[in-house]
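S.K.: I am attaching a structure below and will ask some questions about it afterwards.
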Amino acid sequence: MARIADDSDFEALKRLVDNHDGWTLELSKSDTEVYTRPVPGCNFNMVKIHTEFADVTADIVFDVLHDPDYRKVWDSHMLASEEIGILNVNNDVGYYAMSCPPPLKPRDFVLQRSWLDTGPQGEQMLLSRSVPHKNYPPKKGYVRAMSYITGFVLRTNKNSKTGCILKYVAHCDPQGTLPPWLVNKVTHTLGPRMVKDLKKAALGYAGWKQTQPHLRKPWRFPEEIRCPRISIEDCLDTVTVPLALPPATGSPKTVQQQQQTTTQPQQQTPTQRKLPQLKTQTNGRVLPILHKKAQSTPASPVVEEAKFLKRDDLKEKLDEKRKDEKKKQKDSKEAKAKDGKESLKSTKELEKEAKAAAKESKKLSKAAAKEAAAAESAVAKKEKKEKGLTKRRSLLNLKF
């Protein structure tokens, strides 16, 4: 079930991006570092990126990550995007579909986003994860992927007034038949490409925004929100999600209360809960909703290990599939050859019948021509004979 993020979630996000214990440095190039880490109970690794933008402020990057209209301009992988609705001024739910290299099917997500801006010279954080929604089930032609966590932490670079430091962490399961070893292999190479695209988009954002018919930024100014309000009860859990955020530390009493909260079954409210009114921005910080649903951050649950094909099994399966395809092609060629012989045979028989018919027609034409000639000859003889008789009679008449 979707849950309103609180301060402990953002503190856990900061610990996740700042602490390198258990992480492996995969790439260090210029001002970008890429780390990966295995996650218990899941075959897909978590990835983390640290980078610096020397000529882009944290405010600009924060706006680029939020602006749905600008994403259509710079995100070349996006196929569709839709704002489903808001839970409060710091939490919304949206739909996102992206393309994949052929022959893979495109992936889509239903994501809940939570954000926090601590004001000038502070930190700006964006946290998202997959949630179900009753009006957005998996649809034909797409594979519904799972984002366990995607987080951004933006900090102003103290050494540069115009620069910022970006820290990014993500843990996703693309679902489908992709083998985990392949996904883990390419993950740390795709991260720097994403960072490069984001920086390029940030450099062009200010100029693009000035050309738009409106300058709305509802993620900064709640009074500009136009999305419909939705209920958190519309996002019901259908799968077990292994949370990537480390558990928050606290007193034994607090830990005991958290354990009791996670073990108690969720009760359905017979009537819809009235949601609080929108708050406004104060001193550069968006105030969180105080009357949120009381629910603690659960510890990372242990889920059943997903059954994925190993490399050797996948190779055998591909070989069998190729053999079946070759056999089908061979059968298809034989069937076409057989049909071609039959059609050739039938064509020859038709030609033979046509020749016989033409020969018979020619014979009949000759016979008809002979009959016509004979009739004409008889008529001519008869006319000639009558002419001769007429001439003789005329001569006889002259003698008498």
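Chain identifiers are assigned as A, B, and so on, following the order in which chains appear in the structure tokens; residues are numbered from 1 within each chain, and ligands are numbered from 1 in order of appearance.
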Produce a table with one row for each residue of region 17-88 of chain A that has an atom at most 6 Å from any atom of region 165-185 of chain A, each row naming the nearest atom pair and its distance in Å at one decimal; use only C-alpha atoms; arrange rows by chain and rising residue number; format as JSON lines.
M.R.:
```
{"residue": "A:Asn43", "atom": "CA", "partner": "A:Pro180", "partner_atom": "CA", "distance": 6.0}
{"residue": "A:Phe44", "atom": "CA", "partner": "A:Pro180", "partner_atom": "CA", "distance": 5.8}
{"residue": "A:Met46", "atom": "CA", "partner": "A:His171", "partner_atom": "CA", "distance": 4.6}
{"residue": "A:Val47", "atom": "CA", "partner": "A:Ala170", "partner_atom": "CA", "distance": 5.5}
{"residue": "A:Lys48", "atom": "CA", "partner": "A:Val169", "partner_atom": "CA", "distance": 4.3}
{"residue": "A:Ile49", "atom": "CA", "partner": "A:Tyr168", "partner_atom": "CA", "distance": 5.1}
{"residue": "A:His50", "atom": "CA", "partner": "A:Lys167", "partner_atom": "CA", "distance": 4.7}
{"residue": "A:Thr51", "atom": "CA", "partner": "A:Leu166", "partner_atom": "CA", "distance": 5.4}
{"residue": "A:Glu52", "atom": "CA", "partner": "A:Ile165", "partner_atom": "CA", "distance": 4.6}
```
S.K.: Can you pull out the residues contacting Trp208 (chain A)? Cut-off 10 Å, using only C-alpha atoms, and skip same-chain residues under 4 positions away; I want them as a list of chain:residue names.
M.R.: A:Tyr70, A:Val73, A:Ala201, A:Leu203, A:Gly204, A:Gln212
S.K.: In Å to one decimal, how far is CA of Asp7 (chain A) from CA of Thr36 (chain A)?
M.R.: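 Taking CA of Thr36 (chain A) and CA of Asp7 (chain A), their separation equals 25.5 Å.
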S.K.: May I ask for the distance between CA of Asp234 (chain A) and CA of His77 (chain A), given in Å to one decimal place?
M.R.: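 For CA of Asp234 (chain A) relative to CA of His77 (chain A), the distance reads 28.1 Å.
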S.K.: One number please: CA of Glu123 (chain A) to CA of Arg155 (chain A), in Å, one decimal.
M.R.: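 Taking CA of Glu123 (chain A) as the start and CA of Arg155 (chain A) as the end point, the length is 5.0 Å.
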S.K.: Please run DSSP on the backbone and report, as number ranges by chain, all residues within region 129-215 of chain A that come out as helix (DSSP H, G or I).
M.R.: A: 180-210
S.K.: Which polymer residues have any atom within 12 Å of an atom of Met78 (chain A), counting only C-alpha atoms, with same-chain residues fewer than 5 positions away left out, as an mmCIF file with N, CA and C atoms, in the first residue's frame?
M.R.:
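Result file follows (result-v3.cif):
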```cif
data_model
loop_
_atom_site.group_PDB
_atom_site.id
_atom_site.type_symbol
_atom_site.label_atom_id
_atom_site.label_comp_id
_atom_site.auth_asym_id
_atom_site.auth_seq_id
_atom_site.Cartn_x
_atom_site.Cartn_y
_atom_site.Cartn_z
ATOM 1 N N PRO A 68 6.791 17.748 -15.779
ATOM 2 C CA PRO A 68 6.319 16.692 -16.684
ATOM 3 C C PRO A 68 6.324 17.131 -18.151
ATOM 4 N N ASP A 69 6.139 18.428 -18.403
ATOM 5 C CA ASP A 69 6.136 18.913 -19.791
ATOM 6 C C ASP A 69 7.545 18.896 -20.380
ATOM 7 N N TYR A 70 8.533 19.239 -19.580
ATOM 8 C CA TYR A 70 9.913 19.271 -20.088
ATOM 9 C C TYR A 70 10.471 17.861 -20.277
ATOM 10 N N ARG A 71 9.982 16.900 -19.511
ATOM 11 C CA ARG A 71 10.458 15.521 -19.683
ATOM 12 C C ARG A 71 10.128 15.006 -21.080
ATOM 13 N N LYS A 72 9.022 15.460 -21.641
ATOM 14 C CA LYS A 72 8.667 15.056 -23.001
ATOM 15 C C LYS A 72 9.689 15.555 -24.019
ATOM 16 N N VAL A 73 10.447 16.592 -23.652
ATOM 17 C CA VAL A 73 11.434 17.171 -24.565
ATOM 18 C C VAL A 73 12.763 16.435 -24.484
ATOM 19 N N TYR A 95 1.943 7.674 -13.923
ATOM 20 C CA TYR A 95 2.205 6.535 -14.817
ATOM 21 C C TYR A 95 3.318 6.922 -15.781
ATOM 22 N N TYR A 96 4.253 5.980 -16.017
ATOM 23 C CA TYR A 96 5.398 6.243 -16.898
ATOM 24 C C TYR A 96 5.690 4.993 -17.713
ATOM 25 N N ALA A 97 5.818 5.150 -19.037
ATOM 26 C CA ALA A 97 6.164 4.042 -19.934
ATOM 27 C C ALA A 97 7.408 4.416 -20.717
ATOM 28 N N MET A 98 8.319 3.443 -20.893
ATOM 29 C CA MET A 98 9.583 3.705 -21.572
ATOM 30 C C MET A 98 9.879 2.615 -22.596
ATOM 31 N N SER A 99 10.630 2.976 -23.611
ATOM 32 C CA SER A 99 11.009 2.031 -24.659
ATOM 33 C C SER A 99 12.223 1.224 -24.218
ATOM 34 N N CYS A 100 12.379 0.044 -24.840
ATOM 35 C CA CYS A 100 13.531 -0.822 -24.604
ATOM 36 C C CYS A 100 14.118 -1.229 -25.942
ATOM 37 N N PRO A 106 8.431 -2.873 -24.366
ATOM 38 C CA PRO A 106 8.576 -1.684 -23.515
ATOM 39 C C PRO A 106 8.111 -1.961 -22.090
ATOM 40 N N ARG A 107 8.669 -1.215 -21.140
ATOM 41 C CA ARG A 107 8.314 -1.340 -19.724
ATOM 42 C C ARG A 107 7.483 -0.140 -19.283
ATOM 43 N N ASP A 108 6.616 -0.372 -18.292
ATOM 44 C CA ASP A 108 5.864 0.739 -17.710
ATOM 45 C C ASP A 108 5.825 0.609 -16.196
ATOM 46 N N PHE A 109 5.577 1.742 -15.529
ATOM 47 C CA PHE A 109 5.581 1.829 -14.072
ATOM 48 C C PHE A 109 4.383 2.646 -13.607
#
```
S.K.: Skip Leu13 (chain A) itself and residues of its chain fewer than 3 positions away, then list as number ranges by chain all residues within 10 Å of it, counting only C-alpha atoms.
M.R.: A: 7-10, 16-18, 125-127, 149-153, 168-169, 244-246
